[in-house]
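Peer 1: So here's run-v7.pdb (PDB, C-alpha atoms, pLDDT in the B column).
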```pdb
ATOM      1  CA  MET N   1      -2.625 -89.762  51.268  1.00 35.00           C
ATOM      2  CA  ALA N   2      -3.795 -86.589  49.487  1.00 38.00           C
ATOM      3  CA  ILE N   3      -4.218 -86.137  45.768  1.00 42.00           C
ATOM      4  CA  GLU N   4      -3.287 -82.741  44.434  1.00 43.00           C
ATOM      5  CA  THR N   5      -5.772 -81.083  42.112  1.00 40.00           C
ATOM      6  CA  ALA N   6      -5.141 -82.895  38.855  1.00 42.00           C
ATOM      7  CA  GLN N   7      -6.620 -83.839  35.533  1.00 43.00           C
ATOM      8  CA  PHE N   8      -7.314 -87.565  35.303  1.00 52.00           C
ATOM      9  CA  THR N   9      -7.788 -89.302  32.005  1.00 58.00           C
ATOM     10  CA  VAL N  10     -11.022 -91.062  31.202  1.00 65.00           C
ATOM     11  CA  ASP N  11     -11.532 -94.211  29.153  1.00 72.00           C
ATOM     12  CA  ARG N  12     -12.041 -94.311  25.386  1.00 72.00           C
ATOM     13  CA  PRO N  13     -15.837 -93.759  25.481  1.00 75.00           C
ATOM     14  CA  GLY N  14     -15.299 -90.830  27.838  1.00 74.00           C
ATOM     15  CA  ARG N  15     -12.741 -89.230  25.526  1.00 75.00           C
ATOM     16  CA  PHE N  16     -15.008 -89.792  22.518  1.00 77.00           C
ATOM     17  CA  MET N  17     -17.940 -88.115  24.294  1.00 82.00           C
ATOM     18  CA  GLY N  18     -15.794 -85.240  25.574  1.00 81.00           C
ATOM     19  CA  VAL N  19     -16.060 -86.083  29.271  1.00 87.00           C
ATOM     20  CA  GLY N  20     -13.476 -84.374  31.457  1.00 86.00           C
ATOM     21  CA  ILE N  21     -12.585 -85.183  35.050  1.00 87.00           C
ATOM     22  CA  GLU N  22     -10.669 -83.195  37.626  1.00 87.00           C
ATOM     23  CA  VAL N  23      -9.832 -84.409  41.119  1.00 87.00           C
ATOM     24  CA  ALA N  24      -9.283 -82.003  44.016  1.00 85.00           C
ATOM     25  CA  ASP N  25      -6.950 -82.630  46.931  1.00 79.00           C
ATOM     26  CA  ASP N  26      -9.914 -83.601  49.137  1.00 81.00           C
ATOM     27  CA  ALA N  27     -10.662 -86.421  46.626  1.00 79.00           C
ATOM     28  CA  SER N  28     -13.851 -84.734  45.433  1.00 88.00           C
ATOM     29  CA  VAL N  29     -14.424 -84.965  41.701  1.00 90.00           C
ATOM     30  CA  SER N  30     -15.620 -82.539  39.027  1.00 92.00           C
ATOM     31  CA  VAL N  31     -16.873 -84.107  35.812  1.00 92.00           C
ATOM     32  CA  THR N  32     -17.726 -82.012  32.746  1.00 93.00           C
ATOM     33  CA  GLN N  33     -19.324 -82.566  29.349  1.00 92.00           C
ATOM     34  CA  SER N  34     -20.440 -80.211  26.614  1.00 92.00           C
ATOM     35  CA  VAL N  35     -24.023 -80.669  25.491  1.00 92.00           C
ATOM     36  CA  GLY N  36     -25.615 -79.801  22.185  1.00 89.00           C
ATOM     37  CA  SER N  37     -27.470 -81.198  19.213  1.00 90.00           C
ATOM     38  CA  HIS N  38     -25.168 -84.247  19.016  1.00 87.00           C
ATOM     39  CA  LEU N  39     -26.895 -85.510  22.194  1.00 86.00           C
ATOM     40  CA  PHE N  40     -30.512 -84.814  21.194  1.00 90.00           C
ATOM     41  CA  ASP N  41     -33.061 -87.590  21.198  1.00 89.00           C
ATOM     42  CA  HIS N  42     -35.812 -87.917  18.565  1.00 89.00           C
ATOM     43  CA  ARG N  43     -37.660 -84.997  20.211  1.00 91.00           C
ATOM     44  CA  GLY N  44     -34.680 -82.654  20.036  1.00 89.00           C
ATOM     45  CA  GLN N  45     -33.930 -82.875  23.782  1.00 87.00           C
ATOM     46  CA  THR N  46     -30.975 -83.938  25.885  1.00 87.00           C
ATOM     47  CA  THR N  47     -31.980 -86.621  28.397  1.00 84.00           C
ATOM     48  CA  LEU N  48     -30.258 -88.740  31.008  1.00 84.00           C
ATOM     49  CA  ALA N  49     -29.921 -91.493  28.395  1.00 82.00           C
ATOM     50  CA  SER N  50     -28.039 -89.035  26.150  1.00 84.00           C
ATOM     51  CA  ILE N  51     -25.264 -88.612  28.702  1.00 88.00           C
ATOM     52  CA  GLY N  52     -24.709 -92.216  29.772  1.00 86.00           C
ATOM     53  CA  VAL N  53     -20.915 -92.030  29.676  1.00 88.00           C
ATOM     54  CA  PHE N  54     -20.929 -88.819  31.743  1.00 89.00           C
ATOM     55  CA  THR N  55     -23.338 -90.462  34.211  1.00 90.00           C
ATOM     56  CA  ASP N  56     -21.123 -93.549  34.505  1.00 89.00           C
ATOM     57  CA  VAL N  57     -18.068 -91.436  35.384  1.00 89.00           C
ATOM     58  CA  ALA N  58     -19.931 -88.951  37.602  1.00 90.00           C
ATOM     59  CA  ALA N  59     -21.699 -91.658  39.620  1.00 91.00           C
ATOM     60  CA  GLY N  60     -18.802 -94.101  39.897  1.00 88.00           C
ATOM     61  CA  ALA N  61     -15.522 -92.201  40.041  1.00 87.00           C
ATOM     62  CA  PRO N  62     -15.813 -90.275  43.331  1.00 89.00           C
ATOM     63  CA  ALA N  63     -15.675 -93.338  45.612  1.00 87.00           C
ATOM     64  CA  GLY N  64     -12.888 -94.938  43.574  1.00 84.00           C
ATOM     65  CA  ILE N  65     -10.825 -91.767  43.767  1.00 85.00           C
ATOM     66  CA  ALA N  66     -11.464 -91.500  47.523  1.00 86.00           C
ATOM     67  CA  ARG N  67     -10.408 -95.137  47.993  1.00 84.00           C
ATOM     68  CA  PHE N  68      -7.191 -94.446  46.092  1.00 83.00           C
ATOM     69  CA  ALA N  69      -6.527 -91.233  48.072  1.00 84.00           C
ATOM     70  CA  GLU N  70      -6.954 -92.986  51.418  1.00 86.00           C
ATOM     71  CA  THR N  71      -5.412 -96.396  50.766  1.00 84.00           C
ATOM     72  CA  GLY N  72      -3.250 -96.079  47.641  1.00 82.00           C
ATOM     73  CA  GLU N  73      -5.121 -99.097  46.243  1.00 78.00           C
ATOM     74  CA  ARG N  74      -6.710 -98.979  42.808  1.00 74.00           C
ATOM     75  CA  PRO N  75      -8.907-102.083  42.545  1.00 71.00           C
ATOM     76  CA  GLN N  76     -11.040-102.626  39.469  1.00 78.00           C
ATOM     77  CA  SER N  77     -14.673-101.764  40.091  1.00 81.00           C
ATOM     78  CA  VAL N  78     -17.932-101.752  38.170  1.00 85.00           C
ATOM     79  CA  LEU N  79     -20.810 -99.330  38.585  1.00 89.00           C
ATOM     80  CA  SER N  80     -23.622-101.689  39.570  1.00 92.00           C
ATOM     81  CA  HIS N  81     -26.485 -99.318  40.366  1.00 94.00           C
ATOM     82  CA  VAL N  82     -27.340 -95.682  39.641  1.00 95.00           C
ATOM     83  CA  THR N  83     -30.218 -93.690  41.068  1.00 95.00           C
ATOM     84  CA  ALA N  84     -30.925 -90.386  39.339  1.00 95.00           C
ATOM     85  CA  THR N  85     -33.281 -87.770  40.719  1.00 96.00           C
ATOM     86  CA  LEU N  86     -34.001 -85.168  38.045  1.00 95.00           C
ATOM     87  CA  ALA N  87     -34.671 -81.575  39.078  1.00 95.00           C
ATOM     88  CA  HIS N  88     -34.632 -79.363  35.968  1.00 94.00           C
ATOM     89  CA  PRO N  89     -34.545 -80.127  32.238  1.00 93.00           C
ATOM     90  CA  PHE N  90     -31.148 -80.830  30.733  1.00 93.00           C
ATOM     91  CA  PRO N  91     -29.804 -77.832  28.805  1.00 93.00           C
ATOM     92  CA  ALA N  92     -29.909 -77.881  25.001  1.00 92.00           C
ATOM     93  CA  SER N  93     -26.437 -76.319  24.776  1.00 94.00           C
ATOM     94  CA  GLY N  94     -23.543 -75.366  27.005  1.00 94.00           C
ATOM     95  CA  ALA N  95     -22.046 -77.723  29.547  1.00 94.00           C
ATOM     96  CA  LEU N  96     -22.955 -79.993  32.412  1.00 95.00           C
ATOM     97  CA  VAL N  97     -20.778 -80.050  35.523  1.00 96.00           C
ATOM     98  CA  GLY N  98     -21.019 -82.777  38.128  1.00 95.00           C
ATOM     99  CA  HIS N  99     -19.463 -82.302  41.575  1.00 96.00           C
ATOM    100  CA  GLY N 100     -19.247 -85.548  43.476  1.00 94.00           C
ATOM    101  CA  SER N 101     -17.713 -87.205  46.484  1.00 93.00           C
ATOM    102  CA  SER N 102     -17.510 -90.577  48.146  1.00 92.00           C
ATOM    103  CA  LEU N 103     -20.263 -91.387  50.615  1.00 94.00           C
ATOM    104  CA  PHE N 104     -18.870 -94.780  51.647  1.00 93.00           C
ATOM    105  CA  PHE N 105     -16.381 -97.448  50.641  1.00 90.00           C
ATOM    106  CA  ASP N 106     -14.962-100.672  52.025  1.00 89.00           C
ATOM    107  CA  GLU N 107     -13.062-103.595  50.496  1.00 85.00           C
ATOM    108  CA  SER N 108     -15.978-104.755  48.331  1.00 88.00           C
ATOM    109  CA  THR N 109     -18.368-101.895  47.618  1.00 91.00           C
ATOM    110  CA  ALA N 110     -18.548 -98.105  47.355  1.00 91.00           C
ATOM    111  CA  VAL N 111     -21.211 -95.387  47.174  1.00 95.00           C
ATOM    112  CA  SER N 112     -20.811 -91.949  45.543  1.00 94.00           C
ATOM    113  CA  GLY N 113     -23.067 -88.904  45.375  1.00 95.00           C
ATOM    114  CA  THR N 114     -22.904 -86.284  42.614  1.00 96.00           C
ATOM    115  CA  ASP N 115     -24.887 -83.111  41.903  1.00 97.00           C
ATOM    116  CA  VAL N 116     -25.125 -82.291  38.181  1.00 97.00           C
ATOM    117  CA  ARG N 117     -25.665 -78.632  37.308  1.00 97.00           C
ATOM    118  CA  ASP N 118     -25.957 -76.573  34.142  1.00 96.00           C
ATOM    119  CA  GLU N 119     -23.744 -73.566  33.364  1.00 94.00           C
ATOM    120  CA  GLN N 120     -26.072 -71.258  35.302  1.00 96.00           C
ATOM    121  CA  GLY N 121     -25.737 -73.431  38.405  1.00 96.00           C
ATOM    122  CA  ALA N 122     -29.251 -74.887  38.299  1.00 97.00           C
ATOM    123  CA  LEU N 123     -29.461 -78.418  39.668  1.00 98.00           C
ATOM    124  CA  VAL N 124     -30.287 -80.761  36.792  1.00 96.00           C
ATOM    125  CA  ALA N 125     -29.850 -84.119  38.523  1.00 96.00           C
ATOM    126  CA  HIS N 126     -28.622 -85.738  41.705  1.00 97.00           C
ATOM    127  CA  LEU N 127     -26.867 -89.076  41.137  1.00 96.00           C
ATOM    128  CA  VAL N 128     -26.104 -91.790  43.649  1.00 97.00           C
ATOM    129  CA  GLY N 129     -23.965 -94.639  42.366  1.00 94.00           C
ATOM    130  CA  ARG N 130     -23.063 -97.986  43.912  1.00 95.00           C
ATOM    131  CA  SER N 131     -19.915 -99.707  42.684  1.00 91.00           C
ATOM    132  CA  ILE N 132     -18.613-103.174  43.446  1.00 89.00           C
ATOM    133  CA  VAL N 133     -14.998-104.290  43.417  1.00 84.00           C
ATOM    134  CA  VAL N 134     -14.351-107.058  40.904  1.00 81.00           C
ATOM    135  CA  GLY N 135     -11.385-109.405  40.622  1.00 65.00           C
ATOM    136  CA  ARG N 136     -10.416-108.451  37.086  1.00 56.00           C
ATOM    137  CA  THR N 137      -6.797-107.807  36.267  1.00 51.00           C
ATOM    138  CA  PRO N 138      -6.219-104.248  35.043  1.00 53.00           C
ATOM    139  CA  MET N 139      -5.660-104.245  31.280  1.00 56.00           C
ATOM    140  CA  GLU N 140      -2.227-102.611  31.465  1.00 54.00           C
ATOM    141  CA  LEU N 141      -0.885-105.503  33.577  1.00 50.00           C
ATOM    142  CA  GLY N 142      -1.878-108.220  31.149  1.00 52.00           C
ATOM    143  CA  ALA N 143      -3.309-111.663  31.752  1.00 51.00           C
ATOM    144  CA  GLU N 144      -0.174-112.938  33.547  1.00 51.00           C
ATOM    145  CA  ALA N 145      -0.565-110.582  36.534  1.00 46.00           C
TER
END
```
Using structure tokens, write down the structure from this file.
Peer 2:
Amino acid sequence: MAIETAQFTVDRPGRFMGVGIEVADDASVSVTQSVGSHLFDHRGQTTLASIGVFTDVAAGAPAGIARFAETGERPQSVLSHVTATLAHPFPASGALVGHGSSLFFDESTAVSGTDVRDEQGALVAHLVGRSIVVGRTPMELGAEA
């Protein structure tokens, strides 16, 4: 099952923070976020902690999207572990773009890998995320489902 290149919506925190997600037909994911002074820490710098919502989407979504593309199933999952290897400083302005894909998934767990780059293409971080499938009912189905 292939997914055409499409815009996918993100959750409320993602919308608030300006995180965008686009899925290609090979189930790879591009995640974007503008950076600027609204993300600065007390030193006037953007850090990994400043972009937590972006990191959550970039590290967790690729395997979930791949699972959906291959099986048509959309189980609820939770990002349980993130490893971030930082390469260059985060930019003070502009945008971050993460390109990620699924490394592995089965019925209970998934692993994604995402490279995060600045607008000039410099590698800022490499993220590896592990997600676990949980038995929660999706919110749109209600408690009766």
Peer 1: Restricting the calculation to only C-alpha atoms: of N:Ala95, N:Leu86, N:Ala125, N:Ala63, which residue gets closest to Ser112 of chain N?
Peer 2: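 Residue with the minimum atom-to-atom distance to Ser112 of chain N: N:Ala63.
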Peer 1: What lies within 9 Å of Val97 of chain N using all atoms listed in the file, ignoring chain neighbours under 5 positions off, as a list in words?
Peer 2: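 So, after excluding close chain neighbours, the residues are Ser30, Val31, Thr32, Gln33, Ser34, Asp115, Val116, Arg117, Asp118, Glu119 and Gly121 of chain N.
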Peer 1: Taking the file as shown, find all residues satisfying the PyMOL selection byres ((chain N and resi 109) around 12) and write them as number ranges by chain.
Peer 2: N: 60, 63-64, 67, 75-81, 102-108, 110-112, 129-134
Peer 1: What does the distance between atom CA of Thr55 of chain N and atom CA of Ala87 of chain N come to in Å, to one decimal place?
Peer 2: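 Atom-to-atom, atom CA of Thr55 of chain N to atom CA of Ala87 of chain N, that is 15.2 Å.
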Peer 1: Quick one: of N:Arg74, N:Thr83, N:Val35, N:Gly18, who's nearest to Ala61 of chain N, counting only C-alpha atoms?
Peer 2: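 Closest to Ala61 of chain N of all the choices is N:Arg74.
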Peer 1: Suppose a student applies the PyMOL selection byres ((chain N and resi 93) around 12) to this structure; what residues should they get, written as an NGL selection string?
Peer 2: :N and (33-40 or 44-46 or 89-92 or 94-96 or 118-120)
Peer 1: Would you mind reading off the distance between atom CA of Glu22 of chain N and atom CA of Ala59 of chain N, one decimal, in Å?
Peer 2: 14.0 Å
Peer 1: What is the distance, in Å and to one decimal place, between atom CA of Phe68 of chain N and atom CA of Ser101 of chain N?
Peer 2: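 Atom-to-atom, atom CA of Phe68 of chain N to atom CA of Ser101 of chain N, that is 12.8 Å.
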Peer 1: Here is a test: counting all atoms listed in the file, which residue of N:Ser28, N:Val124, N:Thr85, N:Phe54 is nearest to Phe16 of chain N?
Peer 2: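 Among the listed residues, the smallest separation from Phe16 of chain N belongs to N:Phe54.
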Peer 1: Ranking N:Asp56, N:Arg43, N:Val29, N:Ile51 by minimum distance to Asp11 of chain N and counting all atoms listed in the file, which one comes first?
Peer 2: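 Checking each of N:Asp56, N:Arg43, N:Val29, N:Ile51 against Asp11 of chain N, counting all atoms listed in the file, the winner is N:Asp56.
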Peer 1: From the options N:Val53, N:Ala69, N:Val82, N:Leu123, which residue's atoms come nearest to Val19 of chain N, counting only C-alpha atoms?
Peer 2: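 Closest candidate: N:Val53.
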Peer 1: Using all atoms listed in the file, pick whichever of N:Arg15, N:His42, N:His88, N:His99 has the shortest atom-to-atom distance to Ala58 of chain N.
Peer 2: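 Among N:Arg15, N:His42, N:His88, N:His99, it is N:His99 that comes nearest to Ala58 of chain N.
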Peer 1: How big is the axis-aligned box, and where does its centre sit, when it encloses all atoms of segment 12-15 of chain N listed in the file and has 5 Å added on every side, reported in Å to one decimal as lines of an AutoDock Vina configuration file?
Peer 2:
```
center_x = -13.9
center_y = -91.8
center_z = 26.6
size_x = 13.8
size_y = 15.1
size_z = 12.5
```
Peer 1: Could N, CA, C and O atoms be built for segment 109-135 of chain N and written out as a CSV table (one decimal), keeping the file's coordinate frame?
Peer 2:
```csv
chain,number,residue,atom,x,y,z
N,109,THR,N,-17.3,-102.7,48.2
N,109,THR,CA,-18.4,-101.9,47.6
N,109,THR,C,-18.1,-100.4,47.9
N,109,THR,O,-17.2,-100.1,48.8
N,110,ALA,N,-18.7,-99.5,47.2
N,110,ALA,CA,-18.5,-98.1,47.4
N,110,ALA,C,-19.8,-97.4,46.9
N,110,ALA,O,-20.6,-97.9,46.1
N,111,VAL,N,-20.1,-96.2,47.5
N,111,VAL,CA,-21.2,-95.4,47.2
N,111,VAL,C,-20.7,-94.0,47.0
N,111,VAL,O,-20.0,-93.4,47.8
N,112,SER,N,-21.2,-93.3,45.9
N,112,SER,CA,-20.8,-91.9,45.5
N,112,SER,C,-22.1,-91.1,45.4
N,112,SER,O,-23.1,-91.7,45.0
N,113,GLY,N,-22.0,-89.8,45.6
N,113,GLY,CA,-23.1,-88.9,45.4
N,113,GLY,C,-22.6,-87.7,44.5
N,113,GLY,O,-21.5,-87.2,44.8
N,114,THR,N,-23.3,-87.4,43.5
N,114,THR,CA,-22.9,-86.3,42.6
N,114,THR,C,-24.1,-85.4,42.3
N,114,THR,O,-25.1,-85.9,41.9
N,115,ASP,N,-23.9,-84.1,42.4
N,115,ASP,CA,-24.9,-83.1,41.9
N,115,ASP,C,-24.5,-82.7,40.5
N,115,ASP,O,-23.3,-82.3,40.3
N,116,VAL,N,-25.4,-82.7,39.6
N,116,VAL,CA,-25.1,-82.3,38.2
N,116,VAL,C,-25.8,-81.0,38.0
N,116,VAL,O,-27.1,-80.9,38.2
N,117,ARG,N,-25.1,-80.0,37.5
N,117,ARG,CA,-25.7,-78.6,37.3
N,117,ARG,C,-25.4,-78.1,35.9
N,117,ARG,O,-24.4,-78.6,35.3
N,118,ASP,N,-26.2,-77.2,35.4
N,118,ASP,CA,-26.0,-76.6,34.1
N,118,ASP,C,-25.0,-75.4,34.3
N,118,ASP,O,-24.6,-75.1,35.5
N,119,GLU,N,-24.7,-74.7,33.3
N,119,GLU,CA,-23.7,-73.6,33.4
N,119,GLU,C,-24.2,-72.4,34.3
N,119,GLU,O,-23.4,-71.7,34.8
N,120,GLN,N,-25.5,-72.3,34.4
N,120,GLN,CA,-26.1,-71.3,35.3
N,120,GLN,C,-26.1,-71.7,36.8
N,120,GLN,O,-26.5,-70.9,37.6
N,121,GLY,N,-25.8,-72.9,37.0
N,121,GLY,CA,-25.7,-73.4,38.4
N,121,GLY,C,-27.0,-74.1,38.8
N,121,GLY,O,-27.1,-74.5,40.0
N,122,ALA,N,-28.0,-74.2,37.9
N,122,ALA,CA,-29.3,-74.9,38.3
N,122,ALA,C,-29.0,-76.4,38.4
N,122,ALA,O,-28.4,-77.0,37.6
N,123,LEU,N,-29.6,-77.0,39.5
N,123,LEU,CA,-29.5,-78.4,39.7
N,123,LEU,C,-30.3,-79.1,38.6
N,123,LEU,O,-31.5,-78.9,38.4
N,124,VAL,N,-29.6,-80.0,37.8
N,124,VAL,CA,-30.3,-80.8,36.8
N,124,VAL,C,-30.6,-82.2,37.3
N,124,VAL,O,-31.7,-82.7,37.1
N,125,ALA,N,-29.7,-82.8,38.0
N,125,ALA,CA,-29.8,-84.1,38.5
N,125,ALA,C,-29.0,-84.4,39.7
N,125,ALA,O,-27.9,-83.7,39.9
N,126,HIS,N,-29.4,-85.2,40.6
N,126,HIS,CA,-28.6,-85.7,41.7
N,126,HIS,C,-28.4,-87.2,41.5
N,126,HIS,O,-29.4,-88.0,41.3
N,127,LEU,N,-27.2,-87.7,41.4
N,127,LEU,CA,-26.9,-89.1,41.1
N,127,LEU,C,-26.3,-89.7,42.4
N,127,LEU,O,-25.5,-89.1,43.1
N,128,VAL,N,-26.7,-91.0,42.6
N,128,VAL,CA,-26.1,-91.8,43.6
N,128,VAL,C,-25.7,-93.1,42.9
N,128,VAL,O,-26.6,-93.7,42.3
N,129,GLY,N,-24.4,-93.4,43.0
N,129,GLY,CA,-24.0,-94.6,42.4
N,129,GLY,C,-23.4,-95.6,43.4
N,129,GLY,O,-22.7,-95.2,44.3
N,130,ARG,N,-23.6,-96.9,43.1
N,130,ARG,CA,-23.1,-98.0,43.9
N,130,ARG,C,-22.1,-98.8,43.0
N,130,ARG,O,-22.5,-99.2,41.9
N,131,SER,N,-20.9,-98.9,43.4
N,131,SER,CA,-19.9,-99.7,42.7
N,131,SER,C,-19.5,-100.9,43.5
N,131,SER,O,-19.5,-100.9,44.7
N,132,ILE,N,-19.1,-102.0,42.8
N,132,ILE,CA,-18.6,-103.2,43.4
N,132,ILE,C,-17.2,-103.5,42.9
N,132,ILE,O,-16.9,-103.2,41.8
N,133,VAL,N,-16.4,-103.9,43.8
N,133,VAL,CA,-15.0,-104.3,43.4
N,133,VAL,C,-15.0,-105.7,42.8
N,133,VAL,O,-15.7,-106.6,43.3
N,134,VAL,N,-14.4,-105.8,41.6
N,134,VAL,CA,-14.4,-107.1,40.9
N,134,VAL,C,-12.9,-107.5,40.8
N,134,VAL,O,-12.0,-106.8,41.0
N,135,GLY,N,-12.7,-108.8,40.6
N,135,GLY,CA,-11.4,-109.4,40.6
N,135,GLY,C,-10.6,-109.4,39.3
N,135,GLY,O,-9.7,-110.1,39.1
```
